[in-house]
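Shown here: work-v3.cif, mmCIF, C-alpha atoms.
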```
data_my_file
#
loop_
_atom_site.label_atom_id
_atom_site.label_comp_id
_atom_site.auth_asym_id
_atom_site.auth_seq_id
_atom_site.Cartn_x
_atom_site.Cartn_y
_atom_site.Cartn_z
CA MET A 1 97.20 -15.76 -98.24
CA THR A 2 98.19 -13.83 -95.16
CA ARG A 3 101.57 -12.36 -95.95
CA LEU A 4 104.21 -11.21 -93.52
CA PRO A 5 106.69 -8.43 -94.21
CA ARG A 6 109.69 -9.74 -96.08
CA ILE A 7 112.97 -9.71 -94.20
CA THR A 8 116.06 -8.54 -96.01
CA SER A 9 119.59 -8.40 -94.71
CA HIS A 10 120.34 -5.02 -96.22
CA PRO A 11 121.56 -2.73 -93.41
CA LYS A 12 119.91 0.32 -94.94
CA VAL A 13 116.42 -1.18 -94.81
CA PRO A 14 115.33 -1.14 -91.16
CA ARG A 15 112.54 -3.49 -90.12
CA ILE A 16 110.11 -0.67 -89.43
CA ARG A 17 110.15 0.42 -93.08
CA ARG A 18 109.75 -3.19 -94.22
CA ILE A 19 106.75 -3.60 -91.94
CA LEU A 20 105.05 -0.42 -93.09
CA ALA A 21 105.61 -1.38 -96.71
CA ALA A 22 103.87 -4.68 -96.04
CA ALA A 23 100.84 -3.20 -94.30
CA LEU A 24 98.57 -3.71 -97.28
CA ALA A 25 99.73 -7.31 -97.61
CA LEU A 26 98.56 -7.88 -94.08
CA GLY A 27 95.17 -6.39 -94.88
CA ALA A 28 93.83 -9.88 -95.37
CA THR A 29 93.84 -10.09 -91.59
CA ALA A 30 90.59 -8.17 -91.57
CA ALA A 31 88.93 -11.14 -93.22
CA LEU A 32 90.01 -13.36 -90.37
CA VAL A 33 87.75 -11.72 -87.82
CA GLY A 34 84.52 -12.37 -89.65
CA GLY A 35 82.44 -15.40 -90.48
CA CYS A 36 81.62 -16.42 -86.91
CA SER A 37 77.87 -16.65 -86.27
CA ASP A 38 78.19 -16.12 -82.52
CA GLU A 39 80.90 -13.46 -82.75
CA GLY A 40 80.65 -11.11 -79.79
CA ALA A 41 78.67 -13.52 -77.60
CA PRO A 42 80.02 -14.13 -74.09
CA VAL A 43 82.23 -17.18 -73.72
CA THR A 44 83.75 -18.79 -70.64
CA PHE A 45 86.71 -21.08 -70.17
CA ASP A 46 85.59 -22.20 -66.72
CA THR A 47 85.58 -25.95 -66.10
CA PRO A 48 84.78 -28.13 -63.06
CA ARG A 49 87.27 -27.54 -60.25
CA SER A 50 89.12 -25.02 -62.41
CA THR A 51 88.77 -22.09 -60.04
CA ALA A 52 90.44 -21.42 -56.72
CA THR A 53 88.67 -22.70 -53.62
CA PRO A 54 87.79 -20.12 -50.92
CA ASP A 55 90.93 -20.83 -48.94
CA GLN A 56 93.02 -20.32 -52.08
CA ALA A 57 91.27 -17.21 -53.33
CA GLY A 58 93.46 -14.82 -51.40
CA ALA A 59 96.74 -16.53 -52.33
CA SER A 60 98.26 -15.28 -55.55
CA ARG A 61 99.25 -18.13 -57.89
CA THR A 62 98.96 -20.81 -55.22
CA PRO A 63 100.27 -24.15 -56.58
CA ARG A 64 97.85 -27.05 -56.29
CA THR A 65 99.25 -30.58 -56.32
CA PRO A 66 97.17 -32.90 -58.55
CA ARG A 67 96.03 -36.29 -57.28
CA THR A 68 98.48 -38.14 -59.49
CA PRO A 69 101.64 -38.86 -57.44
CA GLY A 70 104.74 -37.25 -58.94
CA ALA A 71 102.76 -35.02 -61.29
CA PRO A 72 103.90 -31.43 -61.85
CA GLU A 73 102.44 -28.66 -59.75
CA THR A 74 99.27 -27.18 -61.18
CA VAL A 75 98.27 -23.59 -60.51
CA LEU A 76 94.53 -23.06 -60.45
CA PRO A 77 93.12 -19.80 -61.83
CA THR A 78 93.82 -17.08 -59.30
CA GLY A 79 91.57 -14.35 -60.67
CA PRO A 80 90.51 -11.74 -61.26
CA LYS A 81 88.50 -13.47 -63.97
CA ALA A 82 88.39 -11.71 -67.33
CA GLY A 83 85.25 -11.28 -69.40
CA PHE A 84 85.66 -12.97 -72.79
CA THR A 85 83.57 -12.63 -75.92
CA THR A 86 83.66 -14.98 -78.89
CA ALA A 87 85.99 -13.98 -81.71
CA ASN A 88 85.87 -17.24 -83.69
CA THR A 89 84.58 -20.79 -83.44
CA LEU A 90 86.50 -23.83 -84.68
CA ASP A 91 84.89 -26.80 -86.43
CA ASP A 92 85.24 -28.85 -83.24
CA GLY A 93 83.16 -26.32 -81.31
CA THR A 94 86.02 -24.79 -79.32
CA LYS A 95 86.05 -21.02 -79.10
CA ILE A 96 88.63 -18.31 -79.56
CA GLY A 97 87.77 -15.68 -76.98
CA VAL A 98 88.94 -12.09 -76.79
CA THR A 99 89.22 -9.62 -73.95
CA THR A 100 90.94 -6.34 -73.15
CA LEU A 101 93.79 -6.56 -70.67
CA ALA A 102 95.01 -3.60 -68.64
CA GLY A 103 98.60 -4.58 -67.91
CA ALA A 104 99.28 -3.89 -64.24
CA LYS A 105 103.07 -4.00 -64.63
CA SER A 106 103.56 -2.46 -68.06
CA GLY A 107 100.79 0.12 -67.85
CA PHE A 108 99.77 -0.84 -71.40
CA THR A 109 96.20 -1.84 -72.28
CA GLY A 110 95.54 -4.06 -75.27
CA LYS A 111 93.55 -6.97 -76.63
CA VAL A 112 94.35 -10.61 -75.98
CA TRP A 113 92.79 -13.58 -77.79
CA VAL A 114 92.79 -17.03 -76.19
CA TRP A 115 91.94 -20.58 -77.28
CA ALA A 116 91.82 -23.70 -75.10
CA PRO A 117 91.88 -27.20 -76.65
CA LYS A 118 89.15 -29.77 -76.12
CA GLN A 119 91.32 -31.63 -73.63
CA TYR A 120 91.15 -28.62 -71.32
CA PHE A 121 87.44 -29.27 -70.79
CA ASP A 122 87.79 -33.05 -70.38
CA PRO A 123 86.89 -34.02 -66.76
CA LYS A 124 89.87 -36.38 -66.58
CA TYR A 125 92.17 -33.34 -66.81
CA ALA A 126 90.16 -31.22 -64.37
CA ASP A 127 92.96 -31.23 -61.80
CA SER A 128 95.82 -30.73 -64.25
CA GLY A 129 97.55 -27.68 -65.60
CA PHE A 130 98.04 -27.15 -69.33
CA PRO A 131 101.05 -25.82 -71.27
CA VAL A 132 100.79 -22.31 -72.69
CA LEU A 133 101.92 -21.14 -76.13
CA VAL A 134 102.09 -17.36 -76.59
CA ALA A 135 101.62 -16.83 -80.35
CA LEU A 136 102.90 -13.58 -81.84
CA PRO A 137 102.17 -12.28 -85.35
CA GLY A 138 104.42 -10.68 -87.91
CA GLY A 139 104.08 -7.11 -89.07
CA ASN A 140 102.78 -4.57 -86.61
CA GLY A 141 100.56 -7.06 -84.79
CA TYR A 142 98.11 -4.25 -84.05
CA PRO A 143 95.17 -3.86 -83.67
CA VAL A 144 94.71 -7.56 -84.50
CA ASN A 145 96.90 -10.58 -83.86
CA TYR A 146 96.24 -12.54 -87.04
CA TRP A 147 96.71 -15.93 -85.33
CA MET A 148 93.21 -15.43 -83.90
CA GLY A 149 91.73 -16.16 -87.33
CA THR A 150 90.71 -19.68 -88.30
CA ASP A 151 92.00 -19.65 -91.90
CA LEU A 152 95.65 -20.03 -90.85
CA LYS A 153 94.58 -23.12 -88.88
CA LEU A 154 96.97 -22.70 -85.96
CA GLN A 155 94.49 -23.91 -83.37
CA SER A 156 92.92 -26.65 -85.48
CA SER A 157 96.41 -27.89 -86.41
CA ILE A 158 97.42 -28.07 -82.75
CA SER A 159 94.21 -29.99 -82.06
CA THR A 160 95.03 -32.49 -84.81
CA TRP A 161 98.70 -32.76 -83.92
CA SER A 162 97.89 -33.36 -80.25
CA GLN A 163 95.71 -36.31 -81.24
CA GLU A 164 98.53 -37.64 -83.43
CA GLY A 165 101.11 -37.30 -80.65
CA LYS A 166 102.99 -34.55 -82.51
CA SER A 167 102.08 -31.72 -80.15
CA LEU A 168 100.99 -31.03 -76.61
CA PRO A 169 97.44 -29.63 -76.29
CA PHE A 170 98.54 -26.04 -75.73
CA ILE A 171 96.44 -23.16 -74.50
CA VAL A 172 97.15 -20.60 -77.25
CA VAL A 173 97.40 -16.97 -76.14
CA MET A 174 97.51 -14.23 -78.79
CA PRO A 175 98.20 -10.71 -77.49
CA VAL A 176 98.69 -7.63 -79.64
CA LEU A 177 102.40 -7.26 -80.36
CA ASN A 178 102.74 -3.48 -80.55
CA PRO A 179 100.86 -0.49 -79.09
CA ASP A 180 100.14 1.07 -82.49
CA ASP A 181 100.57 0.49 -86.22
CA LYS A 182 103.17 3.21 -86.69
CA TYR A 183 106.32 1.74 -85.11
CA TYR A 184 107.79 -1.59 -84.13
CA TYR A 185 108.91 -1.78 -80.49
CA ASP A 186 111.09 -4.92 -80.63
CA GLY A 187 108.94 -6.56 -77.94
CA SER A 188 110.98 -4.49 -75.47
CA ASP A 189 110.85 -1.78 -72.84
CA ILE A 190 112.36 1.00 -74.94
CA PRO A 191 112.97 4.05 -72.73
CA GLY A 192 110.16 6.56 -73.03
CA GLN A 193 107.89 4.14 -74.92
CA PRO A 194 105.12 1.71 -73.92
CA ARG A 195 106.72 -1.18 -72.04
CA MET A 196 105.98 -3.96 -74.52
CA GLY A 197 108.64 -6.29 -73.10
CA THR A 198 106.92 -6.24 -69.73
CA TRP A 199 103.53 -6.61 -71.42
CA LEU A 200 104.59 -9.80 -73.22
CA ALA A 201 106.77 -11.41 -70.55
CA GLU A 202 104.86 -10.47 -67.39
CA ASP A 203 101.37 -9.04 -67.88
CA VAL A 204 100.23 -11.60 -70.45
CA PRO A 205 101.46 -14.64 -68.41
CA ASP A 206 99.90 -13.15 -65.24
CA PHE A 207 96.61 -12.81 -67.14
CA VAL A 208 96.80 -16.46 -68.25
CA ARG A 209 97.46 -17.64 -64.71
CA ALA A 210 94.49 -15.59 -63.52
CA ASN A 211 92.11 -17.35 -65.92
CA PHE A 212 93.45 -20.84 -66.70
CA ARG A 213 94.94 -23.93 -65.09
CA THR A 214 98.66 -23.72 -65.76
CA PHE A 215 101.91 -25.21 -64.48
CA LYS A 216 104.12 -23.60 -61.89
CA SER A 217 107.22 -24.72 -63.79
CA ARG A 218 108.63 -22.95 -66.86
CA ASP A 219 108.25 -26.37 -68.53
CA GLY A 220 104.69 -25.27 -69.28
CA TRP A 221 105.50 -21.98 -71.03
CA ALA A 222 106.65 -21.25 -74.60
CA PHE A 223 106.43 -18.70 -77.40
CA MET A 224 105.94 -18.96 -81.13
CA GLY A 225 106.00 -16.19 -83.69
CA SER A 226 106.53 -15.14 -87.26
CA SER A 227 108.96 -12.46 -88.46
CA SER A 228 108.72 -9.53 -86.03
CA GLY A 229 106.80 -11.74 -83.59
CA ALA A 230 109.47 -14.41 -83.91
CA PHE A 231 112.09 -11.89 -82.86
CA ALA A 232 110.02 -10.89 -79.83
CA GLY A 233 109.41 -14.51 -78.78
CA LEU A 234 113.07 -15.46 -79.28
CA LYS A 235 114.20 -12.49 -77.21
CA ALA A 236 111.67 -13.20 -74.43
CA VAL A 237 112.88 -16.79 -73.97
CA LEU A 238 116.56 -15.78 -73.94
CA GLN A 239 115.89 -12.84 -71.63
CA HIS A 240 113.72 -14.83 -69.20
CA PRO A 241 114.90 -18.46 -69.27
CA ASP A 242 113.57 -18.83 -65.73
CA LYS A 243 110.02 -18.20 -67.03
CA PHE A 244 109.95 -19.67 -70.55
CA LYS A 245 111.53 -22.82 -71.92
CA ALA A 246 111.07 -22.85 -75.68
CA VAL A 247 110.21 -20.87 -78.79
CA ILE A 248 109.34 -21.55 -82.42
CA ALA A 249 110.86 -18.57 -84.24
CA SER A 250 109.90 -18.41 -87.92
CA GLY A 251 111.78 -16.06 -90.24
CA PRO A 252 113.18 -13.91 -87.40
CA ASP A 253 115.72 -11.17 -87.27
CA THR A 254 118.26 -11.82 -84.52
CA VAL A 255 119.16 -8.26 -83.49
CA PRO A 256 116.91 -5.38 -82.36
CA ASP A 257 116.56 -2.65 -84.99
CA SER A 258 113.64 -0.43 -84.03
CA PRO A 259 114.45 3.22 -84.78
CA LEU A 260 113.05 4.03 -81.33
CA TRP A 261 116.30 2.74 -79.77
CA ALA A 262 118.13 5.86 -80.97
CA GLY A 263 120.05 7.30 -78.04
CA HIS A 264 119.62 4.14 -75.95
CA GLU A 265 122.35 1.81 -77.19
CA ALA A 266 123.03 0.16 -73.82
CA GLN A 267 119.36 -0.75 -73.45
CA ARG A 268 119.23 -1.97 -77.05
CA GLN A 269 122.10 -4.35 -76.45
CA ALA A 270 120.40 -5.60 -73.27
CA ASN A 271 117.56 -6.72 -75.57
CA ASN A 272 119.78 -8.27 -78.25
CA PRO A 273 119.14 -12.03 -78.70
CA GLU A 274 122.74 -12.56 -79.82
CA LYS A 275 124.10 -11.01 -76.63
CA LEU A 276 121.54 -12.83 -74.50
CA ALA A 277 122.28 -16.20 -76.14
CA LYS A 278 126.02 -15.72 -75.70
CA ALA A 279 125.59 -14.99 -71.98
CA LEU A 280 123.23 -17.92 -71.43
CA GLY A 281 125.48 -20.25 -73.45
CA ALA A 282 128.33 -19.57 -71.03
CA LYS A 283 126.31 -20.94 -68.12
CA PRO A 284 126.38 -24.62 -67.03
CA ASP A 285 124.42 -26.98 -69.27
CA THR A 286 121.94 -27.95 -66.58
CA LYS A 287 118.28 -28.84 -66.92
CA GLY A 288 117.25 -25.60 -65.25
CA ASN A 289 119.29 -23.47 -67.67
CA ARG A 290 118.31 -25.15 -70.94
CA VAL A 291 116.21 -23.34 -73.51
CA TYR A 292 115.04 -24.76 -76.84
CA LEU A 293 115.05 -22.51 -79.90
CA ALA A 294 113.25 -23.99 -82.91
CA PHE A 295 114.07 -21.82 -85.92
CA GLN A 296 112.11 -22.02 -89.18
CA ILE A 297 112.95 -20.54 -92.58
CA GLY A 298 111.51 -21.05 -96.07
CA THR A 299 113.67 -21.82 -99.07
CA GLU A 300 111.98 -18.96 -100.95
CA GLU A 301 112.96 -16.30 -98.39
CA SER A 302 116.25 -14.83 -97.25
CA GLY A 303 117.67 -15.46 -93.81
CA GLU A 304 118.84 -19.08 -93.71
CA ALA A 305 122.51 -18.11 -93.62
CA ARG A 306 121.80 -15.69 -90.78
CA LEU A 307 120.08 -18.36 -88.69
CA ARG A 308 122.80 -20.93 -89.35
CA SER A 309 125.36 -18.35 -88.25
CA PHE A 310 123.39 -17.70 -85.06
CA MET A 311 123.26 -21.42 -84.33
CA LYS A 312 126.96 -21.88 -85.00
CA ASN A 313 127.96 -18.97 -82.78
CA PHE A 314 125.47 -19.25 -79.93
CA ALA A 315 124.11 -22.82 -79.71
CA LYS A 316 126.41 -23.68 -76.85
CA GLY A 317 125.93 -25.16 -73.40
CA PRO A 318 122.26 -24.89 -72.36
CA VAL A 319 121.19 -23.12 -75.59
CA LYS A 320 119.69 -25.88 -77.76
CA THR A 321 118.64 -25.14 -81.32
CA ARG A 322 116.96 -26.77 -84.29
CA LEU A 323 116.38 -25.46 -87.84
CA GLN A 324 113.36 -26.45 -89.92
CA VAL A 325 113.96 -25.55 -93.57
CA ILE A 326 110.58 -25.37 -95.30
CA GLN A 327 110.89 -26.48 -98.91
CA GLY A 328 109.13 -24.03 -101.22
CA GLY A 329 108.18 -21.92 -98.22
CA GLY A 330 108.14 -18.14 -98.32
CA HIS A 331 108.00 -15.49 -95.62
CA ASN A 332 104.39 -16.23 -94.70
CA ALA A 333 102.30 -17.74 -91.93
CA ARG A 334 100.90 -20.66 -93.91
CA GLY A 335 104.35 -21.99 -94.72
CA TYR A 336 105.39 -21.66 -91.10
CA ILE A 337 102.40 -23.73 -89.96
CA ARG A 338 103.54 -26.42 -92.40
CA GLY A 339 107.02 -26.33 -90.90
CA MET A 340 105.59 -26.66 -87.40
CA GLY A 341 103.76 -29.80 -88.47
CA ASP A 342 106.89 -31.17 -90.12
CA GLY A 343 108.87 -31.21 -86.90
CA SER A 344 109.19 -27.95 -84.99
CA MET A 345 106.10 -28.40 -82.85
CA GLU A 346 106.96 -31.99 -81.97
CA TRP A 347 110.51 -30.97 -81.00
CA ILE A 348 109.49 -28.29 -78.51
CA SER A 349 106.62 -30.45 -77.21
CA ARG A 350 109.12 -33.16 -76.24
CA GLN A 351 110.91 -30.63 -74.02
CA MET A 352 107.77 -29.41 -72.24
CA GLN A 353 105.17 -30.56 -69.75
CA GLY A 354 101.81 -31.87 -70.89
CA PRO A 355 98.58 -32.27 -68.91
CA VAL A 356 98.31 -35.23 -66.57
CA PRO A 357 95.04 -37.21 -66.47
CA ALA A 358 93.51 -38.33 -63.21
CA PRO A 359 94.32 -41.96 -62.33
#
```
What do you get writing this file as structure tokens?
Amino acid sequence: MTRLPRITSHPKVPRIRRILAAALALGATAALVGGCSDEGAPVTFDTPRSTATPDQAGASRTPRTPRTPGAPETVLPTGPKAGFTTANTLDDGTKIGVTTLAGAKSGFTGKVWVWAPKQYFDPKYADSGFPVLVALPGGNGYPVNYWMGTDLKLQSSISTWSQEGKSLPFIVVMPVLNPDDKYYYDGSDIPGQPRMGTWLAEDVPDFVRANFRTFKSRDGWAFMGSSSGAFAGLKAVLQHPDKFKAVIASGPDTVPDSPLWAGHEAQRQANNPEKLAKALGAKPDTKGNRVYLAFQIGTEESGEARLRSFMKNFAKGPVKTRLQVIQGGGHNARGYIRGMGDGSMEWISRQMQGPVPAP
């Protein structure tokens, strides 16, 4: 079983030490990258009419209105097109591709894994955008994002759930979470450190728009994550509600605690989900302001009281929350997938935009 670092509420045990102590438990991740017969072979996500036409090529992120009247605005891939190689292959033949992204805004270069569902290649959706789910791992999330493996069944579960009407057919994007395996950077732009907040909230979405059919609206953008990745996804949605609409945050902390914040308290508080949620909750409860925070916690891990306190204090106005308590679940990815299937994925999918077939 792929284990995540266990969260405790003890103030003298910072997350970085918990993560380092769990490094060996995450060693199973290495097994996730193998077993693919065509691993390393080139793979493309191009589909008919999925690239910008010559008159669009020079326009960055030009919206394209689908043929279906009243449908949401689709953004065709703007380029530059990335070169993907196969990292894994699912039983249905879909591929998980990997590439190296040089973040133009953050200045950070790291790997990104991507999977597109079968519906993405269906000709009836050739003119439609698809929703995007940025999936973040627990632990250091470097050099591998463990959601790219097939044994946790994130992608195959989304495929099944989408056929059952329990999930939208998301494009799943899996960037590295941190720039090294020594520290945790709170998914933030810590002064003097690699700008991981910009990497996750700007460079990665720009990369997706360059290579895939997406939606112009934030209704097509969400995060999910476990433990340290859940914190980063939660913070990104609260910090950028104009860009992202929802998150599934499993076993998260709710305050930043990287030791790298030392000497930068004002910046740390600017990246504090509790402060961000309080500020957003004071705004009008309008459709454009609403964010949807789907929390998950297992009964065999600590943290439920902390999440219920967060919901009680900050689920106000446009901040909408839901808690999935996973019976018998521990602080691990497999339990969190079960919780997603039991309700979390369906809840955020109802708030978001799905692909629109041609008439």
### Query
When the PyMOL selection byres ((chain A and resi 86) around 9) is applied to the file above, which residues end up in the set, as a ChimeraX atom specification?
/A:36,38-43,84-85,87-89,95-98
### Task
Run the PyMOL selection byres ((chain A and resi 329) around 9) mentally over the shown coordinates, then write out the matched residues as a list in words, using the chain letters and numbers from the document.
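On this input, the PyMOL selection byres ((chain A and resi 329) around 9) captures Ile297, Gly298, Thr299, Glu300, Glu301, Val325, Ile326, Gln327, Gly328, Gly330, His331, Asn332, Arg334, Gly335, Tyr336, Arg338 and Gly339 of chain A.
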What are the nearest atom pairs, with distances in Å to one decimal, for all residues of stretch 132-187 of chain A that come at most 7 Å from stretch 227-235 of chain A, using only C-alpha atoms, set out by chain and rising residue number as CSV?
```
residue,atom,partner,partner_atom,distance
A:Leu136,CA,A:Gly229,CA,4.7
A:Pro137,CA,A:Gly229,CA,5.0
A:Gly138,CA,A:Ser228,CA,4.8
A:Gly139,CA,A:Ser228,CA,6.1
A:Asp186,CA,A:Ala232,CA,6.1
A:Gly187,CA,A:Ala232,CA,4.8
```
### Task
Can you work out which one of A:Ala246, A:Ile171, A:Val75, A:Leu101 has the shortest atom-to-atom distance to A:Arg350, counting only C-alpha atoms?
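Using only C-alpha atoms, the shortest distance to A:Arg350 belongs to A:Ala246.
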### Distance of atom CA of A:Glu274 from atom CA of A:Ile337, expressed in Å to one decimal place
25.3 Å
### Query
Hey, which of A:Trp199, A:Leu76, A:Thr47, A:Val134 ends up closest to A:Ala104? Count all atoms listed in the file.
A:Trp199
### Message
Please compute the atom CA of A:Ile158-atom CA of A:Lys245 distance, one decimal, in Å.
### Response
18.5 Å
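Of the listed residues A:Trp161, A:Phe130, A:Phe207, A:Phe215, the one whose atoms come nearest to A:Lys105 is A:Phe207, with distances taken using all atoms listed in the file.
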### Message
Please determine, counting all atoms listed in the file, which residue among A:Phe295, A:Ile348, A:Phe310, A:Ala277 has the shortest atom-to-atom distance to A:Ser226.
### Response
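Checking each candidate against A:Ser226, we get A:Phe295 as the closest.
Take the candidates A:Met224, A:Met196, A:Leu280, A:Leu293 and check each one against A:Asp242 using all atoms listed in the file; the shortest distance goes to A:Leu280.
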### Query
What gap, in Å, lies between atom CA of A:Val176 and atom CA of A:Leu200?
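Between atom CA of A:Val176 and atom CA of A:Leu200 the gap is 9.0 Å.
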### Query
For A:Leu323, which residue among A:Val173, A:Ala294, A:Ala210, A:Met340 is the nearest when counting all atoms listed in the file?
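Closest candidate: A:Ala294.
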### Task
Could you give me, as a list of chain:residue names, the residues within 12 Å of A:Arg290, counting only C-alpha atoms and dropping anything in the same chain fewer than 4 positions from it?
A:Arg218, A:Asp219, A:Val237, A:Leu238, A:His240, A:Pro241, A:Asp242, A:Lys243, A:Phe244, A:Lys245, A:Ala246, A:Ala277, A:Leu280, A:Gly281, A:Ala282, A:Lys283, A:Pro284, A:Asp285, A:Thr286, A:Ala315, A:Lys316, A:Gly317, A:Pro318, A:Val319, A:Lys320, A:Thr321, A:Gln351, A:Met352
Six-sided padding of 5 Å per side, axis-aligned box over stretch 176-193 of chain A, centre and edges in Å, one decimal, as lines of an AutoDock Vina configuration file:
```
center_x = 105.8
center_y = -0.5
center_z = -79.7
size_x = 24.3
size_y = 24.2
size_z = 24.0
```
### Task
Place a sphere of radius 12 Å on (98.6, -33.0, -86.4) in the file coordinates and name every protein, DNA or RNA residue with an atom inside or on its surface, counting all atoms listed in the file; give the answer as a list in words.
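The distance filter leaves exactly Lys153, Leu154, Gln155, Ser156, Ser157, Ile158, Ser159, Thr160, Trp161, Ser162, Gln163, Glu164, Gly165, Lys166, Ser167, Leu168, Pro169, Ile337, Arg338, Gly339, Met340, Gly341, Asp342, Gly343, Ser344, Met345 and Glu346 of chain A.
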### Message
as a VMD selection string, please: the residues near A:Tyr125 (cut-off 10 Å, all atoms listed in the file, same-chain neighbours under 6 positions excluded).
### Response
chain A and resid 47 to 48 50 66 119 213 355 to 359
Could you add whatever atoms are missing so that stretch 94-108 of chain A carries N, CA and C atoms, then write the result as a PDB file, keeping the file's coordinate frame?
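File written: result36.pdb
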```pdb
ATOM      1  N   THR A  94      85.245 -25.611 -80.253  1.00  0.00           N
ATOM      2  CA  THR A  94      86.020 -24.790 -79.320  1.00  0.00           C
ATOM      3  C   THR A  94      86.022 -23.341 -79.791  1.00  0.00           C
ATOM      4  N   LYS A  95      86.177 -22.444 -78.831  1.00  0.00           N
ATOM      5  CA  LYS A  95      86.050 -21.020 -79.100  1.00  0.00           C
ATOM      6  C   LYS A  95      87.389 -20.294 -78.951  1.00  0.00           C
ATOM      7  N   ILE A  96      87.566 -19.284 -79.768  1.00  0.00           N
ATOM      8  CA  ILE A  96      88.630 -18.310 -79.560  1.00  0.00           C
ATOM      9  C   ILE A  96      87.968 -17.091 -78.931  1.00  0.00           C
ATOM     10  N   GLY A  97      88.347 -16.802 -77.687  1.00  0.00           N
ATOM     11  CA  GLY A  97      87.770 -15.680 -76.980  1.00  0.00           C
ATOM     12  C   GLY A  97      88.700 -14.479 -77.027  1.00  0.00           C
ATOM     13  N   VAL A  98      88.135 -13.311 -76.805  1.00  0.00           N
ATOM     14  CA  VAL A  98      88.940 -12.090 -76.790  1.00  0.00           C
ATOM     15  C   VAL A  98      88.526 -11.236 -75.608  1.00  0.00           C
ATOM     16  N   THR A  99      89.486 -10.546 -75.045  1.00  0.00           N
ATOM     17  CA  THR A  99      89.220  -9.620 -73.950  1.00  0.00           C
ATOM     18  C   THR A  99      90.228  -8.485 -74.026  1.00  0.00           C
ATOM     19  N   THR A 100      90.003  -7.459 -73.249  1.00  0.00           N
ATOM     20  CA  THR A 100      90.940  -6.340 -73.150  1.00  0.00           C
ATOM     21  C   THR A 100      91.653  -6.426 -71.813  1.00  0.00           C
ATOM     22  N   LEU A 101      92.970  -6.423 -71.862  1.00  0.00           N
ATOM     23  CA  LEU A 101      93.790  -6.560 -70.670  1.00  0.00           C
ATOM     24  C   LEU A 101      94.475  -5.231 -70.355  1.00  0.00           C
ATOM     25  N   ALA A 102      94.275  -4.761 -69.133  1.00  0.00           N
ATOM     26  CA  ALA A 102      95.010  -3.600 -68.640  1.00  0.00           C
ATOM     27  C   ALA A 102      96.221  -4.123 -67.884  1.00  0.00           C
ATOM     28  N   GLY A 103      97.391  -4.016 -68.496  1.00  0.00           N
ATOM     29  CA  GLY A 103      98.600  -4.580 -67.910  1.00  0.00           C
ATOM     30  C   GLY A 103      99.017  -3.840 -66.643  1.00  0.00           C
ATOM     31  N   ALA A 104      98.976  -4.534 -65.523  1.00  0.00           N
ATOM     32  CA  ALA A 104      99.280  -3.890 -64.240  1.00  0.00           C
ATOM     33  C   ALA A 104     100.748  -3.497 -64.138  1.00  0.00           C
ATOM     34  N   LYS A 105     101.637  -4.264 -64.755  1.00  0.00           N
ATOM     35  CA  LYS A 105     103.070  -4.000 -64.630  1.00  0.00           C
ATOM     36  C   LYS A 105     103.605  -3.103 -65.739  1.00  0.00           C
ATOM     37  N   SER A 106     103.079  -3.270 -66.936  1.00  0.00           N
ATOM     38  CA  SER A 106     103.560  -2.460 -68.060  1.00  0.00           C
ATOM     39  C   SER A 106     102.844  -1.123 -68.166  1.00  0.00           C
ATOM     40  N   GLY A 107     101.607  -1.074 -67.680  1.00  0.00           N
ATOM     41  CA  GLY A 107     100.790   0.120 -67.850  1.00  0.00           C
ATOM     42  C   GLY A 107     100.134   0.192 -69.218  1.00  0.00           C
ATOM     43  N   PHE A 108     100.351  -0.822 -70.059  1.00  0.00           N
ATOM     44  CA  PHE A 108      99.770  -0.840 -71.400  1.00  0.00           C
ATOM     45  C   PHE A 108      98.464  -1.633 -71.403  1.00  0.00           C
TER      46      PHE A 108
END
```
